[in-house]
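Student: Input my_file_22.tsv, format and content: TSV, C-alpha atoms.
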```tsv
chain	number	residue	atom	x	y	z
A	1	MET	CA	-3.57	31.57	18.17
A	2	GLY	CA	-0.63	29.22	17.44
A	3	THR	CA	0.09	27.69	14.07
A	4	ILE	CA	-1.97	24.70	12.96
A	5	VAL	CA	0.43	23.36	10.34
A	6	ASN	CA	3.80	21.74	11.03
A	7	LEU	CA	5.85	20.87	7.97
A	8	ASP	CA	8.62	18.99	9.80
A	9	PHE	CA	7.48	15.56	8.63
A	10	ILE	CA	6.89	16.52	5.01
A	11	THR	CA	10.23	18.38	4.85
A	12	GLY	CA	12.06	15.36	6.30
A	13	PHE	CA	10.14	13.01	3.99
A	14	SER	CA	11.16	15.17	1.02
A	15	LYS	CA	14.78	15.16	2.27
A	16	GLY	CA	14.70	18.95	2.24
A	17	ASN	CA	13.80	19.12	-1.46
A	18	MET	CA	11.60	22.25	-1.44
A	19	GLU	CA	10.15	21.50	-4.86
A	20	ARG	CA	8.73	18.26	-3.49
A	21	VAL	CA	7.47	19.99	-0.32
A	22	ARG	CA	5.71	22.59	-2.47
A	23	LYS	CA	4.16	19.86	-4.61
A	24	TYR	CA	2.69	18.08	-1.55
A	25	VAL	CA	1.49	21.37	-0.03
A	26	GLN	CA	-0.32	22.22	-3.26
A	27	MET	CA	-1.84	18.72	-3.41
A	28	PHE	CA	-3.05	19.11	0.17
A	29	LEU	CA	-4.63	22.48	-0.63
A	30	GLU	CA	-6.44	20.95	-3.62
A	31	ALA	CA	-7.66	17.98	-1.55
A	32	SER	CA	-8.81	20.30	1.22
A	33	ALA	CA	-10.66	22.54	-1.27
A	34	GLU	CA	-12.50	19.42	-2.52
A	35	GLY	CA	-12.96	17.71	0.84
A	36	MET	CA	-14.54	20.52	2.87
A	37	PRO	CA	-17.48	21.12	0.46
A	38	ALA	CA	-17.95	17.33	0.23
A	39	ILE	CA	-18.34	17.17	4.02
A	40	GLU	CA	-20.72	20.15	4.10
A	41	GLN	CA	-22.87	18.78	1.28
A	42	SER	CA	-23.05	15.29	2.69
A	43	PHE	CA	-24.02	16.70	6.09
A	44	ALA	CA	-26.80	18.78	4.46
A	45	ALA	CA	-28.02	15.65	2.67
A	46	GLN	CA	-27.51	13.55	5.81
A	47	ASP	CA	-25.44	11.20	3.67
A	48	TRP	CA	-23.34	9.74	6.48
A	49	LYS	CA	-21.53	7.24	4.30
A	50	ARG	CA	-20.25	10.00	2.03
A	51	LEU	CA	-19.37	12.18	5.01
A	52	LYS	CA	-17.39	9.31	6.54
A	53	THR	CA	-15.47	8.78	3.29
A	54	ALA	CA	-14.71	12.51	2.85
A	55	ALA	CA	-13.48	12.79	6.46
A	56	HIS	CA	-11.40	9.62	6.03
A	57	THR	CA	-9.63	10.99	2.93
A	58	LEU	CA	-8.74	14.29	4.61
A	59	LYS	CA	-7.66	12.55	7.83
A	60	SER	CA	-4.51	10.85	6.49
A	61	ILE	CA	-3.22	13.79	4.50
A	62	SER	CA	-3.82	16.24	7.39
A	63	GLY	CA	-1.36	14.13	9.35
A	64	TYR	CA	1.31	14.67	6.70
A	65	MET	CA	0.88	18.43	7.18
A	66	GLY	CA	1.43	18.00	10.90
A	67	MET	CA	-2.19	18.96	11.66
A	68	THR	CA	-2.65	16.64	14.62
A	69	ASP	CA	-5.73	18.39	16.08
A	70	THR	CA	-7.43	18.40	12.68
A	71	GLN	CA	-6.58	14.74	12.21
A	72	ASN	CA	-8.14	13.86	15.58
A	73	LEU	CA	-11.22	15.93	14.77
A	74	LEU	CA	-11.62	14.18	11.41
A	75	LYS	CA	-11.15	10.77	13.05
A	76	GLN	CA	-13.96	11.58	15.46
A	77	MET	CA	-16.20	12.83	12.63
A	78	GLU	CA	-15.44	9.71	10.58
A	79	GLU	CA	-16.33	7.41	13.47
A	80	ASN	CA	-19.51	9.31	14.33
A	81	ALA	CA	-20.66	9.27	10.72
A	82	ALA	CA	-19.82	5.55	10.37
A	83	MET	CA	-21.74	4.64	13.54
A	84	GLU	CA	-24.37	7.36	12.99
A	85	GLN	CA	-23.82	8.42	16.58
A	86	ASP	CA	-23.44	11.83	18.30
A	87	LEU	CA	-24.70	13.44	15.11
A	88	GLU	CA	-25.91	16.45	17.13
A	89	ASN	CA	-22.21	17.38	17.53
A	90	MET	CA	-21.62	17.32	13.80
A	91	PRO	CA	-22.46	21.01	13.06
A	92	GLU	CA	-20.00	22.12	15.74
A	93	ASP	CA	-17.34	19.74	14.41
A	94	ILE	CA	-17.88	21.02	10.87
A	95	THR	CA	-17.47	24.63	12.06
A	96	LYS	CA	-14.23	23.66	13.84
A	97	LEU	CA	-12.99	21.87	10.74
A	98	GLN	CA	-13.75	24.90	8.56
A	99	GLN	CA	-11.69	27.06	10.95
A	100	HIS	CA	-8.80	24.56	10.94
A	101	LEU	CA	-8.72	24.29	7.16
A	102	ARG	CA	-9.05	28.05	6.67
A	103	GLN	CA	-6.11	28.65	8.98
A	104	ALA	CA	-4.10	25.86	7.33
A	105	GLU	CA	-4.79	27.34	3.91
A	106	GLU	CA	-3.52	30.73	5.07
A	107	GLU	CA	-0.38	29.27	6.62
A	108	LEU	CA	0.35	27.03	3.62
A	109	ASN	CA	-0.21	29.85	1.12
A	110	ASN	CA	2.23	31.97	3.13
A	111	PHE	CA	4.71	29.10	2.99
A	112	LEU	CA	4.29	28.82	-0.78
A	113	ALA	CA	4.79	32.56	-1.18
A	114	GLN	CA	8.01	32.45	0.83
A	115	ASN	CA	9.54	29.25	-0.60
B	1	MET	CA	12.68	-10.94	-8.17
B	2	SER	CA	14.76	-9.31	-10.89
B	3	LYS	CA	16.56	-6.02	-10.37
B	4	ASN	CA	13.77	-4.22	-12.22
B	5	THR	CA	11.04	-5.19	-9.84
B	6	MET	CA	7.68	-4.10	-11.20
B	7	ILE	CA	5.47	-2.31	-8.68
B	8	PHE	CA	1.87	-1.18	-9.13
B	9	ILE	CA	0.45	1.47	-6.78
B	10	VAL	CA	-3.33	1.85	-6.71
B	11	ASP	CA	-4.86	4.73	-4.75
B	12	ASP	CA	-7.62	7.22	-5.55
B	13	ASP	CA	-5.93	9.86	-3.37
B	14	PRO	CA	-3.44	11.71	-5.61
B	15	MET	CA	-1.30	12.88	-2.67
B	16	GLN	CA	-0.91	9.40	-1.18
B	17	LEU	CA	-0.16	8.00	-4.63
B	18	SER	CA	2.44	10.63	-5.36
B	19	MET	CA	4.16	10.35	-1.95
B	20	LEU	CA	4.48	6.56	-2.11
B	21	LYS	CA	5.68	6.67	-5.71
B	22	ASP	CA	8.32	9.32	-4.87
B	23	HIS	CA	9.45	7.35	-1.82
B	24	LEU	CA	9.82	4.03	-3.66
B	25	SER	CA	11.49	5.69	-6.66
B	26	ALA	CA	14.17	7.07	-4.33
B	27	MET	CA	14.65	3.60	-2.81
B	28	ALA	CA	15.68	1.62	-5.92
B	29	ASN	CA	15.33	1.40	-9.67
B	30	PHE	CA	11.81	-0.01	-9.59
B	31	ASP	CA	9.50	-0.10	-12.58
B	32	ILE	CA	6.56	1.74	-10.99
B	33	ASN	CA	3.09	2.05	-12.51
B	34	THR	CA	0.39	4.10	-10.75
B	35	PHE	CA	-3.38	3.85	-11.05
B	36	SER	CA	-6.20	5.86	-9.48
B	37	THR	CA	-8.77	3.06	-9.80
B	38	GLY	CA	-8.79	-0.69	-9.38
B	39	GLU	CA	-10.29	-1.05	-12.85
B	40	GLU	CA	-7.26	0.67	-14.45
B	41	CYS	CA	-4.92	-1.58	-12.48
B	42	LEU	CA	-6.77	-4.74	-13.52
B	43	ALA	CA	-6.59	-3.68	-17.17
B	44	GLN	CA	-2.77	-3.90	-16.84
B	45	ILE	CA	-2.57	-6.94	-14.55
B	46	GLY	CA	-1.36	-9.04	-17.50
B	47	LYS	CA	2.05	-7.44	-16.90
B	48	ALA	CA	2.17	-9.59	-13.72
B	49	PRO	CA	3.69	-7.01	-11.36
B	50	ASP	CA	5.91	-8.36	-8.58
B	51	ILE	CA	4.25	-6.17	-5.95
B	52	VAL	CA	0.96	-4.27	-5.83
B	53	PHE	CA	0.33	-1.58	-3.21
B	54	LEU	CA	-3.45	-1.46	-3.09
B	55	ASP	CA	-5.67	1.04	-1.26
B	56	TYR	CA	-8.49	-0.57	0.71
B	57	ASN	CA	-10.94	2.33	0.12
B	58	LEU	CA	-10.86	2.73	-3.63
B	59	ASN	CA	-14.38	4.06	-4.04
B	60	SER	CA	-14.10	7.24	-1.96
B	61	LYS	CA	-14.39	9.51	-4.99
B	62	ASN	CA	-16.60	7.31	-7.15
B	63	SER	CA	-19.00	5.13	-5.20
B	64	ASN	CA	-19.49	2.87	-8.26
B	65	ALA	CA	-15.76	2.07	-8.45
B	66	MET	CA	-14.51	-1.35	-7.31
B	67	ASP	CA	-13.36	-1.41	-3.72
B	68	GLY	CA	-9.97	-2.67	-2.57
B	69	LEU	CA	-11.12	-6.13	-1.49
B	70	ASP	CA	-12.77	-6.84	-4.87
B	71	VAL	CA	-9.65	-5.69	-6.69
B	72	LEU	CA	-7.46	-7.84	-4.40
B	73	GLN	CA	-9.47	-10.96	-5.25
B	74	GLU	CA	-9.27	-10.21	-8.98
B	75	ILE	CA	-5.50	-9.66	-8.80
B	76	LYS	CA	-4.92	-12.92	-6.92
B	77	SER	CA	-7.07	-14.80	-9.43
B	78	LYS	CA	-5.51	-13.27	-12.57
B	79	SER	CA	-1.91	-12.88	-11.39
B	80	PRO	CA	-1.34	-15.26	-8.42
B	81	SER	CA	2.39	-14.56	-8.30
B	82	SER	CA	1.82	-10.84	-7.61
B	83	GLU	CA	2.18	-10.02	-3.92
B	84	VAL	CA	-0.40	-7.52	-2.72
B	85	ILE	CA	0.25	-5.08	0.13
B	86	MET	CA	-2.92	-3.39	1.31
B	87	LEU	CA	-2.93	0.28	2.36
B	88	SER	CA	-5.64	1.66	4.57
B	89	GLY	CA	-6.45	4.56	6.86
B	90	GLN	CA	-8.18	2.09	9.17
B	91	ASP	CA	-6.20	0.51	11.98
B	92	LYS	CA	-8.87	-2.12	12.64
B	93	ILE	CA	-7.57	-5.65	13.07
B	94	GLU	CA	-10.66	-7.23	11.45
B	95	VAL	CA	-10.05	-5.24	8.25
B	96	ALA	CA	-6.44	-6.43	8.17
B	97	VAL	CA	-7.45	-10.06	8.80
B	98	ASP	CA	-10.04	-9.84	6.02
B	99	THR	CA	-7.45	-8.73	3.49
B	100	MET	CA	-5.00	-11.49	4.56
B	101	LYS	CA	-7.81	-14.03	4.15
B	102	TYR	CA	-8.11	-12.97	0.52
B	103	GLY	CA	-4.38	-13.37	-0.07
B	104	ALA	CA	-2.80	-10.02	0.81
B	105	TYR	CA	0.84	-10.36	1.87
B	106	ASP	CA	0.78	-7.40	4.29
B	107	TYR	CA	-1.44	-4.61	5.58
B	108	ILE	CA	-0.12	-1.10	6.14
B	109	VAL	CA	-1.99	1.64	7.99
B	110	LYS	CA	-1.59	4.99	6.23
B	111	GLY	CA	0.29	7.63	8.16
B	112	GLU	CA	3.79	8.89	8.72
B	113	SER	CA	5.23	5.41	9.38
B	114	ALA	CA	3.54	3.88	6.31
B	115	PHE	CA	6.46	4.69	4.01
B	116	TYR	CA	8.99	2.98	6.25
B	117	ARG	CA	6.66	-0.01	6.58
B	118	ALA	CA	6.27	-0.16	2.78
B	119	GLU	CA	10.06	-0.32	2.47
B	120	LYS	CA	10.23	-3.07	5.11
B	121	ALA	CA	7.51	-5.07	3.36
B	122	ILE	CA	9.53	-4.96	0.12
B	123	PHE	CA	12.69	-6.15	1.93
B	124	ASN	CA	10.71	-8.97	3.54
B	125	LEU	CA	9.38	-9.99	0.14
B	126	TYR	CA	12.90	-10.04	-1.29
B	127	ARG	CA	13.98	-12.28	1.59
B	128	LEU	CA	10.99	-14.57	1.08
B	129	THR	CA	11.70	-14.82	-2.65
B	130	LYS	CA	15.34	-15.68	-1.92
B	131	LEU	CA	14.30	-18.38	0.57
B	132	LYS	CA	11.86	-19.86	-1.94
B	133	ARG	CA	14.56	-19.81	-4.63
B	134	ASN	CA	17.03	-21.55	-2.28
B	135	ALA	CA	14.43	-24.13	-1.25
B	136	GLY	CA	13.77	-24.81	-4.94
B	137	MET	CA	17.50	-25.20	-5.60
B	138	TYR	CA	17.96	-27.68	-2.72
B	139	ARG	CA	14.95	-29.67	-3.91
B	140	THR	CA	16.40	-29.84	-7.44
B	141	LEU	CA	19.82	-30.91	-6.10
B	142	THR	CA	18.26	-33.63	-3.91
B	143	ILE	CA	16.26	-35.00	-6.85
B	144	ALA	CA	19.33	-34.91	-9.12
B	145	PHE	CA	21.48	-36.69	-6.51
B	146	GLY	CA	18.80	-39.33	-5.92
B	147	ALA	CA	18.45	-39.95	-9.66
B	148	ALA	CA	22.24	-40.24	-10.11
B	149	LEU	CA	22.45	-42.75	-7.25
B	150	LEU	CA	19.63	-44.82	-8.73
B	151	VAL	CA	21.32	-44.90	-12.17
B	152	MET	CA	24.57	-46.00	-10.51
B	153	ILE	CA	22.88	-48.84	-8.63
B	154	ILE	CA	21.09	-50.05	-11.80
B	155	LEU	CA	24.38	-49.89	-13.71
B	156	VAL	CA	26.23	-51.92	-11.08
B	157	ILE	CA	23.44	-54.53	-11.00
B	158	TYR	CA	23.54	-54.74	-14.79
B	159	LEU	CA	27.33	-55.05	-14.94
B	160	LYS	CA	27.25	-57.73	-12.24
B	161	SER	CA	24.58	-59.69	-14.08
B	162	LYS	CA	26.77	-59.64	-17.19
B	163	GLY	CA	29.76	-60.81	-15.18
B	164	LEU	CA	31.68	-57.69	-16.01
B	165	ILE	CA	32.34	-57.03	-12.36
B	166	SER	CA	32.47	-59.41	-9.46
B	167	ASP	CA	32.11	-59.21	-5.71
B	168	ARG	CA	35.87	-59.78	-5.46
B	169	ALA	CA	36.43	-56.47	-7.15
B	170	GLY	CA	34.92	-55.05	-4.04
B	171	TRP	CA	32.16	-53.18	-5.80
B	172	MET	CA	29.20	-54.75	-4.06
```
Give the structure from this file in structure tokens form.

Tutor:
Amino acid sequence: MGTIVNLDFITGFSKGNMERVRKYVQMFLEASAEGMPAIEQSFAAQDWKRLKTAAHTLKSISGYMGMTDTQNLLKQMEENAAMEQDLENMPEDITKLQQHLRQAEEELNNFLAQN
Amino acid sequence: MSKNTMIFIVDDDPMQLSMLKDHLSAMANFDINTFSTGEECLAQIGKAPDIVFLDYNLNSKNSNAMDGLDVLQEIKSKSPSSEVIMLSGQDKIEVAVDTMKYGAYDYIVKGESAFYRAEKAIFNLYRLTKLKRNAGMYRTLTIAFGAALLVMIILVIYLKSKGLISDRAGWM
């Protein structure tokens, strides 16, 4: 499997300042650790409004980590939750998202360990 | 706008808040204040910031918190001179139009290009402020010139009526 994270944007945005890159990576990891359970819990409670909001929050910051596939997945989940449509696909989407975020966490922790 | 332009950034997403603050801090010597809720921002609105970057979805973490549109209306009512630039993850035109209707100066969709667009919005505001200042200066000059001309005409009429100047002098 290829990498899911691409730090080109965030490194360019930080003008190569690794301290800043590390700060944003850590902030992303914290947001991801909060966002995934929020999505799982709101799905269990069938609280679509909350699920939409949680997906929305993760969507923008996934883009900053170069996680384009994750961003597209979250966009789709956000739209489905907002329109309350294709909800039968939600469990599969949540499983995919868990895989994406788990892989991202591993890659980002490796980055933090090396930089 | 003075050289210490005061900027408020309001966003309940710590990463977005931090990235925009870092980006603007590197751009110029702005006086930047950050808030994670609209309520905190409104408590400080008496400072009359020049620019407010305001997130549209401010109640993502706390559903009882004020949302961006409510905060926008409060800002425009309490500090009309503050220019508000809305930030949102939604690229829907109707959302943007809604915010403009309530007095937002610009609407920026969050994403990689948002930081460049934020910079551009600030430059545009500087240009607008300069234009307004120039327009004000020209208006003042026109009024002053008109008043001076009127005083001169009255003076000439008065001097003529007193016989202190005559037509032969070539004044009138």

Student: Between CA of Asn59 (chain B) and CA of Thr37 (chain B), measure the distance and give it in Å to one decimal.

Tutor: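 Computing the Euclidean distance for CA of Asn59 (chain B) and CA of Thr37 (chain B) yields 8.1 Å.
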
Student: Which chain B residues have any atom within 8 Å of an atom of chain A, and for each, what is the nearest pair of atoms with distance in Å to one decimal, counting only C-alpha atoms, rows sorted by chain and number, as a Markdown table?

Tutor:
```
| residue | atom | partner | partner_atom | distance |
| --- | --- | --- | --- | --- |
| B:Asp13 | CA | A:Thr57 | CA | 7.4 |
| B:Pro14 | CA | A:Met27 | CA | 7.5 |
| B:Met15 | CA | A:Met27 | CA | 5.9 |
| B:Gln16 | CA | A:Ile61 | CA | 7.5 |
| B:Met19 | CA | A:Tyr24 | CA | 7.9 |
| B:Ser60 | CA | A:Thr53 | CA | 5.6 |
| B:Gly89 | CA | A:Ser60 | CA | 6.6 |
| B:Lys110 | CA | A:Ser60 | CA | 6.6 |
| B:Gly111 | CA | A:Ser60 | CA | 6.0 |
| B:Glu112 | CA | A:Tyr64 | CA | 6.6 |
```

Student: Quick one: distance from CA of Gly46 (chain B) to CA of Ile7 (chain B) in Å, one decimal?

Tutor: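 Separating CA of Gly46 (chain B) from CA of Ile7 (chain B) is a distance of 13.0 Å.
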
Student: For Glu106 (chain A), find every residue with an atom within 12 Å (counting all atoms listed in the file), except residues of its own chain fewer than 6 positions away, and show them as a list of chain:residue names.

Tutor: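 Skipping anything fewer than 6 positions along the chain leaves A:Thr3, A:Ile4, A:Val5, A:Val25, A:Leu29, A:Gln99, A:His100, A:Leu112, A:Ala113.
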
Student: With only C-alpha atoms as the counted atoms, please give the residues lying no more than 8 Å from region 80-86 of chain B, apart from itself and same-chain residues fewer than 2 positions off, as a PDB file with C-alpha atoms, keeping the file's coordinate frame.

Tutor:
```
ATOM      1  CA  ALA B  48       2.170  -9.590 -13.720  1.00  0.00           C
ATOM      2  CA  PRO B  49       3.690  -7.010 -11.360  1.00  0.00           C
ATOM      3  CA  ASP B  50       5.910  -8.360  -8.580  1.00  0.00           C
ATOM      4  CA  ILE B  51       4.250  -6.170  -5.950  1.00  0.00           C
ATOM      5  CA  VAL B  52       0.960  -4.270  -5.830  1.00  0.00           C
ATOM      6  CA  PHE B  53       0.330  -1.580  -3.210  1.00  0.00           C
ATOM      7  CA  LEU B  54      -3.450  -1.460  -3.090  1.00  0.00           C
ATOM      8  CA  ASP B  55      -5.670   1.040  -1.260  1.00  0.00           C
ATOM      9  CA  TYR B  56      -8.490  -0.570   0.710  1.00  0.00           C
ATOM     10  CA  LEU B  72      -7.460  -7.840  -4.400  1.00  0.00           C
ATOM     11  CA  ILE B  75      -5.500  -9.660  -8.800  1.00  0.00           C
ATOM     12  CA  LYS B  76      -4.920 -12.920  -6.920  1.00  0.00           C
ATOM     13  CA  SER B  77      -7.070 -14.800  -9.430  1.00  0.00           C
ATOM     14  CA  LYS B  78      -5.510 -13.270 -12.570  1.00  0.00           C
ATOM     15  CA  SER B  88      -5.640   1.660   4.570  1.00  0.00           C
ATOM     16  CA  THR B  99      -7.450  -8.730   3.490  1.00  0.00           C
ATOM     17  CA  GLY B 103      -4.380 -13.370  -0.070  1.00  0.00           C
ATOM     18  CA  ALA B 104      -2.800 -10.020   0.810  1.00  0.00           C
ATOM     19  CA  TYR B 105       0.840 -10.360   1.870  1.00  0.00           C
ATOM     20  CA  ASP B 106       0.780  -7.400   4.290  1.00  0.00           C
ATOM     21  CA  TYR B 107      -1.440  -4.610   5.580  1.00  0.00           C
ATOM     22  CA  ILE B 108      -0.120  -1.100   6.140  1.00  0.00           C
ATOM     23  CA  ALA B 121       7.510  -5.070   3.360  1.00  0.00           C
TER      24      ALA B 121
END
```

Student: Can you measure CA of Leu74 (chain A) to CA of Glu34 (chain A) for me? One decimal in Å is fine.

Tutor: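 Result for CA of Leu74 (chain A) versus CA of Glu34 (chain A): 14.9 Å, one decimal.
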
Student: With distances taken over all atoms listed in the file, which of A:Asn17, A:Gln98, A:Gln114, A:Gln71 is nearest to Glu40 (chain A)?

Tutor: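 Checking each candidate against Glu40 (chain A), we get A:Gln98 as the closest.
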
Student: Nearest to Asp31 (chain B) among B:Asn57, B:Thr129, B:Thr5, B:Asn62, with distances taken over all atoms listed in the file: which residue is it?

Tutor: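 Once distances to Asp31 (chain B) are computed over all atoms listed in the file, the minimum belongs to B:Thr5.
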
Student: Neighbouring residues of Val156 (chain B) were defined as those with any atom within 10 Å, considering only C-alpha atoms; residues of the same chain fewer than 4 positions away were excluded. Please report them as a ChimeraX atom specification.

Tutor: /B:150-152,160-162,164-166,171-172

Student: For each of B:Leu159, B:Ser63, B:Asp91, B:Phe8, take the minimum atom-to-atom distance to Ala114 (chain B), counting all atoms listed in the file, then give the residue where this is smallest.

Tutor: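 Smallest distance to Ala114 (chain B) is found for B:Asp91.
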
Student: Could you list, as a ChimeraX atom specification, every residue within 9 Å of Glu119 (chain B), counting all atoms listed in the file and ignoring same-chain residues fewer than 4 positions away?

Tutor: /B:23-24,27,114-115,123-124

Student: Taking the block just given, write region 51-72 of chain B to a file that holds C-alpha atoms, as a PDB file, in the first residue's frame.

Tutor:
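Wrote selection_24.pdb, looks like this:
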```
ATOM      1  CA  ILE B  51     -10.685  43.014  10.153  1.00  0.00           C
ATOM      2  CA  VAL B  52     -12.411  39.926  11.539  1.00  0.00           C
ATOM      3  CA  PHE B  53     -11.830  36.483  10.010  1.00  0.00           C
ATOM      4  CA  LEU B  54     -14.924  34.600  11.100  1.00  0.00           C
ATOM      5  CA  ASP B  55     -15.668  30.884  10.740  1.00  0.00           C
ATOM      6  CA  TYR B  56     -19.133  30.130   9.390  1.00  0.00           C
ATOM      7  CA  ASN B  57     -19.535  26.898  11.427  1.00  0.00           C
ATOM      8  CA  LEU B  58     -18.758  28.026  14.936  1.00  0.00           C
ATOM      9  CA  ASN B  59     -20.915  25.486  16.740  1.00  0.00           C
ATOM     10  CA  SER B  60     -19.241  22.283  15.548  1.00  0.00           C
ATOM     11  CA  LYS B  61     -17.859  21.469  18.993  1.00  0.00           C
ATOM     12  CA  ASN B  62     -20.600  23.026  21.093  1.00  0.00           C
ATOM     13  CA  SER B  63     -24.035  22.938  19.501  1.00  0.00           C
ATOM     14  CA  ASN B  64     -25.251  25.676  21.882  1.00  0.00           C
ATOM     15  CA  ALA B  65     -22.559  28.112  20.709  1.00  0.00           C
ATOM     16  CA  MET B  66     -23.512  31.002  18.406  1.00  0.00           C
ATOM     17  CA  ASP B  67     -23.054  30.229  14.742  1.00  0.00           C
ATOM     18  CA  GLY B  68     -21.066  32.374  12.322  1.00  0.00           C
ATOM     19  CA  LEU B  69     -24.038  34.214  10.816  1.00  0.00           C
ATOM     20  CA  ASP B  70     -25.349  35.295  14.241  1.00  0.00           C
ATOM     21  CA  VAL B  71     -21.892  36.501  15.236  1.00  0.00           C
ATOM     22  CA  LEU B  72     -21.529  38.371  11.926  1.00  0.00           C
TER      23      LEU B  72
END
```
